[in-house]
>>> print(open('target.json').read())   # JSON, C-alpha atoms (C1' of nucleotides)
[["chain", "number", "residue", "atom", "x", "y", "z"],
["A", 1, "MET", "CA", 0.00, 0.00, 0.00],
["A", 2, "ASN", "CA", 2.90, 2.37, 0.61],
["A", 3, "ASN", "CA", 5.22, 1.19, -2.15],
["A", 4, "GLN", "CA", 7.03, 3.21, -4.76],
["A", 5, "LEU", "CA", 5.23, 3.18, -8.11],
["A", 6, "GLY", "CA", 7.13, 1.09, -10.65],
["A", 7, "SER", "CA", 7.66, 1.06, -14.39],
["A", 8, "THR", "CA", 4.41, -0.84, -14.95],
["A", 9, "PHE", "CA", 2.22, 1.90, -13.48],
["A", 10, "TYR", "CA", 3.58, 4.58, -15.82],
["A", 11, "GLN", "CA", 2.82, 2.49, -18.91],
["A", 12, "SER", "CA", -0.33, 0.69, -17.79],
["A", 13, "GLU", "CA", -2.94, 3.16, -19.05],
["A", 14, "ASP", "CA", -3.52, 6.14, -21.27],
["A", 15, "VAL", "CA", -2.07, 9.39, -19.92],
["A", 16, "VAL", "CA", -5.56, 10.82, -19.27],
["A", 17, "ILE", "CA", -6.45, 7.83, -17.06],
["A", 18, "LEU", "CA", -3.08, 8.03, -15.31],
["A", 19, "ALA", "CA", -3.57, 11.74, -14.62],
["A", 20, "LYS", "CA", -6.63, 10.76, -12.58],
["A", 21, "ARG", "CA", -4.90, 7.82, -10.95],
["A", 22, "LEU", "CA", -2.02, 10.05, -9.78],
["A", 23, "LEU", "CA", -4.49, 11.96, -7.59],
["A", 24, "GLY", "CA", -4.04, 11.01, -3.94],
["A", 25, "LYS", "CA", -0.58, 9.49, -4.51],
["A", 26, "LYS", "CA", 2.30, 10.54, -2.27],
["A", 27, "ILE", "CA", 5.23, 12.47, -3.78],
["A", 28, "VAL", "CA", 8.47, 12.71, -1.82],
["A", 29, "SER", "CA", 11.58, 14.79, -2.44],
["A", 30, "SER", "CA", 14.98, 14.37, -0.87],
["A", 31, "VAL", "CA", 17.09, 17.47, -1.49],
["A", 32, "LYS", "CA", 20.45, 17.84, 0.27],
["A", 33, "GLY", "CA", 19.32, 15.25, 2.79],
["A", 34, "ILE", "CA", 16.10, 17.10, 3.60],
["A", 35, "ILE", "CA", 12.91, 15.17, 3.00],
["A", 36, "THR", "CA", 9.56, 16.79, 2.22],
["A", 37, "ALA", "CA", 6.36, 15.09, 1.08],
["A", 38, "GLY", "CA", 2.83, 15.78, -0.06],
["A", 39, "LEU", "CA", -0.23, 14.21, -1.65],
["A", 40, "ILE", "CA", -0.97, 14.97, -5.30],
["A", 41, "VAL", "CA", -4.31, 16.82, -5.49],
["A", 42, "GLU", "CA", -4.33, 18.42, -8.97],
["A", 43, "THR", "CA", -2.99, 17.18, -12.33],
["A", 44, "GLU", "CA", -3.23, 17.89, -16.06],
["A", 45, "ALA", "CA", -2.67, 15.45, -18.94],
["A", 46, "TYR", "CA", -0.64, 16.45, -22.02],
["A", 47, "LYS", "CA", -0.86, 14.06, -24.93],
["A", 48, "ALA", "CA", 1.30, 14.50, -28.02],
["A", 49, "PRO", "CA", 1.17, 14.32, -30.96],
["A", 50, "GLU", "CA", -2.46, 15.44, -31.28],
["A", 51, "ASP", "CA", -2.51, 17.82, -28.30],
["A", 52, "ARG", "CA", -1.69, 21.34, -29.41],
["A", 53, "ALA", "CA", -1.10, 22.40, -25.79],
["A", 54, "SER", "CA", 1.82, 19.97, -25.45],
["A", 55, "HIS", "CA", 5.38, 21.09, -26.07],
["A", 56, "ALA", "CA", 5.69, 17.91, -28.14],
["A", 57, "TYR", "CA", 2.69, 18.74, -30.36],
["A", 58, "GLY", "CA", 3.08, 17.03, -33.72],
["A", 59, "ASN", "CA", 5.82, 14.89, -32.17],
["A", 60, "ARG", "CA", 8.16, 17.86, -32.19],
["A", 61, "ARG", "CA", 11.48, 16.51, -30.93],
["A", 62, "THR", "CA", 13.83, 19.17, -29.62],
["A", 63, "HIS", "CA", 16.41, 19.37, -26.88],
["A", 64, "ARG", "CA", 13.73, 20.45, -24.41],
["A", 65, "THR", "CA", 11.06, 17.91, -25.33],
["A", 66, "SER", "CA", 13.38, 14.90, -25.60],
["A", 67, "THR", "CA", 12.63, 13.86, -22.00],
["A", 68, "MET", "CA", 8.95, 13.47, -22.83],
["A", 69, "PHE", "CA", 9.76, 10.87, -25.49],
["A", 70, "GLU", "CA", 11.57, 8.64, -23.00],
["A", 71, "GLN", "CA", 10.02, 5.62, -21.34],
["A", 72, "GLY", "CA", 7.36, 6.40, -18.70],
["A", 73, "GLY", "CA", 8.58, 6.93, -15.16],
["A", 74, "LYS", "CA", 10.84, 9.95, -15.62],
["A", 75, "ALA", "CA", 10.47, 13.59, -14.63],
["A", 76, "TYR", "CA", 10.06, 16.28, -17.29],
["A", 77, "ILE", "CA", 10.82, 19.62, -15.66],
["A", 78, "TYR", "CA", 10.99, 22.89, -17.55],
["A", 79, "ARG", "CA", 11.24, 26.59, -16.83],
["A", 80, "CYS", "CA", 8.12, 28.65, -17.43],
["A", 81, "TYR", "CA", 8.05, 32.45, -17.94],
["A", 82, "GLY", "CA", 11.77, 32.45, -17.20],
["A", 83, "ILE", "CA", 11.06, 32.06, -13.51],
["A", 84, "HIS", "CA", 9.06, 28.99, -12.51],
["A", 85, "HIS", "CA", 10.01, 25.32, -12.47],
["A", 86, "LEU", "CA", 7.12, 23.08, -13.61],
["A", 87, "PHE", "CA", 7.18, 19.36, -12.89],
["A", 88, "ASN", "CA", 5.67, 16.63, -15.09],
["A", 89, "VAL", "CA", 5.47, 12.86, -14.84],
["A", 90, "VAL", "CA", 6.38, 11.19, -18.14],
["A", 91, "THR", "CA", 4.15, 8.23, -19.08],
["A", 92, "ALA", "CA", 3.78, 5.72, -21.95],
["A", 93, "PRO", "CA", 6.43, 3.61, -23.75],
["A", 94, "GLU", "CA", 9.57, 5.14, -25.23],
["A", 95, "GLY", "CA", 8.82, 7.24, -28.31],
["A", 96, "VAL", "CA", 5.36, 8.35, -27.11],
["A", 97, "ALA", "CA", 5.46, 11.88, -25.64],
["A", 98, "HIS", "CA", 2.82, 11.78, -22.91],
["A", 99, "ALA", "CA", 3.20, 13.72, -19.67],
["A", 100, "ILE", "CA", 1.23, 14.77, -16.60],
["A", 101, "LEU", "CA", 1.73, 18.20, -15.06],
["A", 102, "ILE", "CA", 1.40, 18.17, -11.28],
["A", 103, "ARG", "CA", -0.31, 21.44, -10.40],
["A", 104, "ALA", "CA", -0.83, 21.18, -6.63],
["A", 105, "ILE", "CA", -0.05, 19.06, -3.60],
["A", 106, "GLU", "CA", -1.31, 18.79, -0.04],
["A", 107, "PRO", "CA", 1.75, 19.14, 2.23],
["A", 108, "ILE", "CA", 2.11, 16.26, 4.70],
["A", 109, "GLU", "CA", 5.75, 15.99, 5.81],
["A", 110, "ASN", "CA", 8.28, 18.62, 6.96],
["A", 111, "VAL", "CA", 5.94, 21.57, 6.43],
["A", 112, "ASP", "CA", 8.39, 23.85, 8.26],
["A", 113, "THR", "CA", 10.97, 23.37, 5.52],
["A", 114, "MET", "CA", 8.32, 24.08, 2.88],
["A", 115, "LEU", "CA", 7.33, 27.31, 4.64],
["A", 116, "SER", "CA", 10.93, 28.44, 4.83],
["A", 117, "ARG", "CA", 11.59, 27.69, 1.14],
["A", 118, "ARG", "CA", 8.48, 29.67, 0.22],
["A", 119, "LYS", "CA", 9.41, 32.49, 2.64],
["A", 120, "MET", "CA", 6.07, 32.13, 4.36],
["A", 121, "SER", "CA", 5.28, 32.10, 8.08],
["A", 122, "LYS", "CA", 1.75, 30.66, 8.17],
["A", 123, "VAL", "CA", 0.41, 27.52, 6.56],
["A", 124, "THR", "CA", -2.23, 28.40, 3.97],
["A", 125, "PRO", "CA", -3.18, 26.82, 0.62],
["A", 126, "ASN", "CA", -0.91, 29.41, -1.04],
["A", 127, "LEU", "CA", 1.99, 27.27, 0.16],
["A", 128, "THR", "CA", 1.53, 24.57, -2.51],
["A", 129, "ASN", "CA", -1.60, 25.26, -4.60],
["A", 130, "GLY", "CA", 0.11, 26.08, -7.91],
["A", 131, "PRO", "CA", 2.54, 24.33, -10.27],
["A", 132, "GLY", "CA", 5.30, 26.87, -9.61],
["A", 133, "LYS", "CA", 4.61, 26.97, -5.87],
["A", 134, "TRP", "CA", 4.84, 23.36, -4.73],
["A", 135, "THR", "CA", 8.11, 22.78, -6.64],
["A", 136, "VAL", "CA", 9.67, 25.60, -4.62],
["A", 137, "ALA", "CA", 8.25, 24.15, -1.39],
["A", 138, "MET", "CA", 9.74, 20.75, -2.20],
["A", 139, "GLY", "CA", 13.06, 22.06, -3.51],
["A", 140, "ILE", "CA", 12.54, 20.78, -7.07],
["A", 141, "THR", "CA", 14.25, 22.63, -9.96],
["A", 142, "VAL", "CA", 15.03, 22.02, -13.64],
["A", 143, "ASP", "CA", 18.30, 20.49, -12.49],
["A", 144, "TYR", "CA", 16.26, 17.32, -11.94],
["A", 145, "ASN", "CA", 14.91, 17.21, -15.50],
["A", 146, "GLY", "CA", 15.16, 13.67, -16.81],
["A", 147, "ILE", "CA", 15.64, 11.88, -13.49],
["A", 148, "SER", "CA", 13.98, 8.54, -12.87],
["A", 149, "LEU", "CA", 10.98, 8.43, -10.53],
["A", 150, "ILE", "CA", 11.27, 4.66, -10.28],
["A", 151, "ASP", "CA", 14.81, 4.41, -8.92],
["A", 152, "LYS", "CA", 14.96, 3.78, -5.16],
["A", 153, "GLN", "CA", 17.74, 6.39, -4.88],
["A", 154, "SER", "CA", 15.97, 9.09, -6.86],
["A", 155, "PRO", "CA", 15.60, 12.54, -5.24],
["A", 156, "VAL", "CA", 11.93, 12.51, -6.30],
["A", 157, "GLN", "CA", 9.77, 9.44, -5.75],
["A", 158, "ILE", "CA", 6.04, 8.69, -5.97],
["A", 159, "PHE", "CA", 4.32, 6.13, -3.76],
["A", 160, "SER", "CA", 1.19, 4.05, -4.22],
["A", 161, "TYR", "CA", -1.98, 5.05, -2.36],
["A", 162, "PRO", "CA", -5.55, 3.95, -3.06],
["A", 163, "ASP", "CA", -7.06, 5.50, -6.21],
["A", 164, "ILE", "CA", -9.46, 8.40, -5.76],
["A", 165, "THR", "CA", -12.84, 7.28, -7.08],
["A", 166, "ASP", "CA", -14.37, 9.09, -10.08],
["A", 167, "ASP", "CA", -17.18, 10.59, -8.01],
["A", 168, "LYS", "CA", -14.56, 12.51, -6.02],
["A", 169, "ILE", "CA", -12.70, 13.82, -9.09],
["A", 170, "LEU", "CA", -13.46, 17.16, -10.72],
["A", 171, "ALA", "CA", -12.58, 17.37, -14.44],
["A", 172, "SER", "CA", -12.28, 20.71, -16.28],
["A", 173, "PRO", "CA", -10.34, 22.39, -19.11],
["A", 174, "ARG", "CA", -6.64, 22.95, -18.57],
["A", 175, "VAL", "CA", -5.25, 26.25, -17.32],
["A", 176, "GLY", "CA", -3.31, 28.75, -19.43],
["A", 177, "VAL", "CA", -3.51, 26.97, -22.77],
["A", 178, "ASP", "CA", -5.79, 29.32, -24.71],
["A", 179, "TYR", "CA", -3.30, 29.25, -27.58],
["A", 180, "ALA", "CA", -4.12, 25.56, -28.18],
["A", 181, "GLY", "CA", -7.34, 26.08, -30.16],
["A", 182, "GLU", "CA", -9.97, 23.41, -29.59],
["A", 183, "CYS", "CA", -7.53, 21.37, -27.47],
["A", 184, "ALA", "CA", -7.90, 24.09, -24.84],
["A", 185, "LEU", "CA", -11.44, 22.82, -24.26],
["A", 186, "TRP", "CA", -10.48, 19.21, -23.50],
["A", 187, "PRO", "CA", -11.32, 18.46, -19.84],
["A", 188, "TRP", "CA", -7.93, 17.10, -18.88],
["A", 189, "ARG", "CA", -7.42, 19.01, -15.64],
["A", 190, "PHE", "CA", -8.25, 16.86, -12.64],
["A", 191, "ARG", "CA", -8.76, 17.88, -9.02],
["A", 192, "ILE", "CA", -9.88, 16.12, -5.87],
["A", 193, "LYS", "CA", -13.32, 17.54, -5.07],
["A", 194, "ASP", "CA", -13.48, 19.89, -2.09],
["A", 195, "ASN", "CA", -9.77, 19.57, -1.40],
["A", 196, "ILE", "CA", -8.60, 22.97, -0.15],
["A", 197, "TRP", "CA", -5.06, 22.35, -1.39],
["A", 198, "SER", "CA", -5.95, 22.21, -5.09],
["A", 199, "GLY", "CA", -6.20, 25.36, -7.19],
["A", 200, "LYS", "CA", -9.36, 27.41, -7.73],
["B", 1, "DC", "C1'", 21.24, 36.05, -34.71],
["B", 2, "DA", "C1'", 16.82, 38.66, -33.71],
["B", 3, "DC", "C1'", 12.31, 38.31, -32.41],
["B", 4, "DC", "C1'", 8.18, 36.44, -29.97],
["B", 5, "DG", "C1'", 5.89, 34.65, -26.27],
["B", 6, "DG", "C1'", 4.93, 31.39, -22.55],
["B", 7, "DA", "C1'", 1.44, 24.62, -18.96],
["B", 8, "DT", "C1'", 2.81, 31.46, -13.54],
["B", 9, "DT", "C1'", 3.13, 34.23, -9.63],
["B", 10, "DG", "C1'", 2.85, 38.12, -6.59],
["B", 11, "DG", "C1'", 2.62, 42.94, -5.93],
["B", 12, "DC", "C1'", 0.23, 47.07, -6.67],
["B", 13, "DT", "C1'", -3.84, 50.06, -8.10],
["C", 1, "DG", "C1'", -8.11, 43.49, -11.92],
["C", 2, "DC", "C1'", -3.79, 44.70, -14.18],
["C", 3, "DC", "C1'", 0.85, 44.00, -15.13],
["C", 4, "DA", "C1'", 5.91, 43.33, -14.52],
["C", 5, "DA", "C1'", 9.37, 39.84, -13.70],
["C", 6, "DT", "C1'", 12.78, 37.17, -16.41],
["C", 7, "DC", "C1'", 14.98, 34.00, -19.70],
["C", 8, "DC", "C1'", 15.26, 30.66, -22.82],
["C", 9, "DG", "C1'", 13.07, 27.65, -26.43],
["C", 10, "DG", "C1'", 11.43, 27.65, -31.02],
["C", 11, "DT", "C1'", 11.25, 29.73, -35.32],
["C", 12, "DG", "C1'", 12.58, 32.17, -39.24],
["C", 13, "DT", "C1'", 16.28, 35.34, -41.43]]
>>> encode(input="target.json", output="structure tokens")
Amino acid sequence: MNNQLGSTFYQSEDVVILAKRLLGKKIVSSVKGIITAGLIVETEAYKAPEDRASHAYGNRRTHRTSTMFEQGGKAYIYRCYGIHHLFNVVTAPEGVAHAILIRAIEPIENVDTMLSRRKMSKVTPNLTNGPGKWTVAMGITVDYNGISLIDKQSPVQIFSYPDITDDKILASPRVGVDYAGECALWPWRFRIKDNIWSGK
DNA sequence: CACCGGATTGGCT
DNA sequence: GCCAATCCGGTGT
């Protein structure tokens, strides 16, 4: 019940299904010997080649997108607006560029460290309720792009927890992808209903 | 090599 | 609600 997710999980289903199944799973970082952890409460699926919102739209293979084409179970991390570090879980077999953006977590371990990294004094949802916020709280940067999430020694690991049932999942269009035409309407953003730690 | 713009956030009006 | 921050990836010259 509390085991690290293995290679099979990341290739077992379509990325849209896996984006829902990642909800409620535990994500742990170990940065310079400091461990922080949270539960995944908000995700978005990105599915190349047909998804215009994906960096790998049309199977565009560049230096940046190459991580997304690797075998499922790696981390695709990129810099957004020159400032923020956004973390994705790569899924599917090698050559298929599917990824899941983790947009929010519920902090559960070493919250003091998270507060200090975010330069905050009080615990509020603002601590981890955005894709550029929780990576700061957990000490994750683009330096980790391409790392394995399956390896037992990895600085970022994801652990099995019971799936959240569909009746407790809220599906809606993805955030900030207006440029993607009709793909912007696809309801591939998933949140745990009534969870205060997911975004608005 | 120049230009355009972004899977966001936080501060200020 | 508006907008600056900040920098690099992708594209075309």
>>> closest_residue(input="target.json", among="A:Ala97, A:Ala171, A:Ala56, A:Cys80", to="DC8 in chain C", atoms="all atoms listed in the file")
A:Cys80
>>> closest_atom_pairs(input="target.json", of="chain C", to="chain A", cutoff="12 Å", atoms="all atoms listed in the file", output="JSON lines")
{"residue": "C:DA4", "atom": "C1'", "partner": "A:Tyr81", "partner_atom": "CA", "distance": 11.6}
{"residue": "C:DA5", "atom": "C1'", "partner": "A:Ile83", "partner_atom": "CA", "distance": 8.0}
{"residue": "C:DT6", "atom": "C1'", "partner": "A:Gly82", "partner_atom": "CA", "distance": 4.9}
{"residue": "C:DC7", "atom": "C1'", "partner": "A:Gly82", "partner_atom": "CA", "distance": 4.4}
{"residue": "C:DC8", "atom": "C1'", "partner": "A:Gly82", "partner_atom": "CA", "distance": 6.9}
{"residue": "C:DG9", "atom": "C1'", "partner": "A:Arg64", "partner_atom": "CA", "distance": 7.5}
{"residue": "C:DG10", "atom": "C1'", "partner": "A:Thr62", "partner_atom": "CA", "distance": 8.9}
>>> interface_residues(input="target.json", of="chain A", to="chain B", cutoff="9 Å", atoms="all atoms listed in the file", output="list of chain:residue names")
A:Glu44, A:Tyr46, A:Ala53, A:Ser54, A:His55, A:Cys80, A:Tyr81, A:Gly82, A:Ile83, A:His84, A:Leu86, A:Leu101, A:Gly130, A:Pro131, A:Gly132, A:Lys133, A:Arg174, A:Val175, A:Gly176, A:Val177
>>> write_last_selection(input="target.json", atoms="C-alpha atoms", output="mmCIF file, in the coordinates of the input")
data_model
loop_
_atom_site.group_PDB
_atom_site.id
_atom_site.type_symbol
_atom_site.label_atom_id
_atom_site.label_comp_id
_atom_site.auth_asym_id
_atom_site.auth_seq_id
_atom_site.Cartn_x
_atom_site.Cartn_y
_atom_site.Cartn_z
ATOM 1 C CA GLU A 44 -3.230 17.890 -16.060
ATOM 2 C CA TYR A 46 -0.640 16.450 -22.020
ATOM 3 C CA ALA A 53 -1.100 22.400 -25.790
ATOM 4 C CA SER A 54 1.820 19.970 -25.450
ATOM 5 C CA HIS A 55 5.380 21.090 -26.070
ATOM 6 C CA CYS A 80 8.120 28.650 -17.430
ATOM 7 C CA TYR A 81 8.050 32.450 -17.940
ATOM 8 C CA GLY A 82 11.770 32.450 -17.200
ATOM 9 C CA ILE A 83 11.060 32.060 -13.510
ATOM 10 C CA HIS A 84 9.060 28.990 -12.510
ATOM 11 C CA LEU A 86 7.120 23.080 -13.610
ATOM 12 C CA LEU A 101 1.730 18.200 -15.060
ATOM 13 C CA GLY A 130 0.110 26.080 -7.910
ATOM 14 C CA PRO A 131 2.540 24.330 -10.270
ATOM 15 C CA GLY A 132 5.300 26.870 -9.610
ATOM 16 C CA LYS A 133 4.610 26.970 -5.870
ATOM 17 C CA ARG A 174 -6.640 22.950 -18.570
ATOM 18 C CA VAL A 175 -5.250 26.250 -17.320
ATOM 19 C CA GLY A 176 -3.310 28.750 -19.430
ATOM 20 C CA VAL A 177 -3.510 26.970 -22.770
#
>>> atom_distance(input="target.json", atom1="CA of Met120 in chain A", atom2="CA of Gly139 in chain A")
14.6 Å
>>> residues_near_point(input="target.json", point="(-0.2, 4.6, -19.9)", cutoff="10 Å", atoms="all atoms listed in the file", output="number ranges by chain")
A: 8-19, 72, 90-93, 96, 98-99
>>> atom_distance(input="target.json", atom1="CA of Ile27 in chain A", atom2="CA of Thr43 in chain A")
12.8 Å
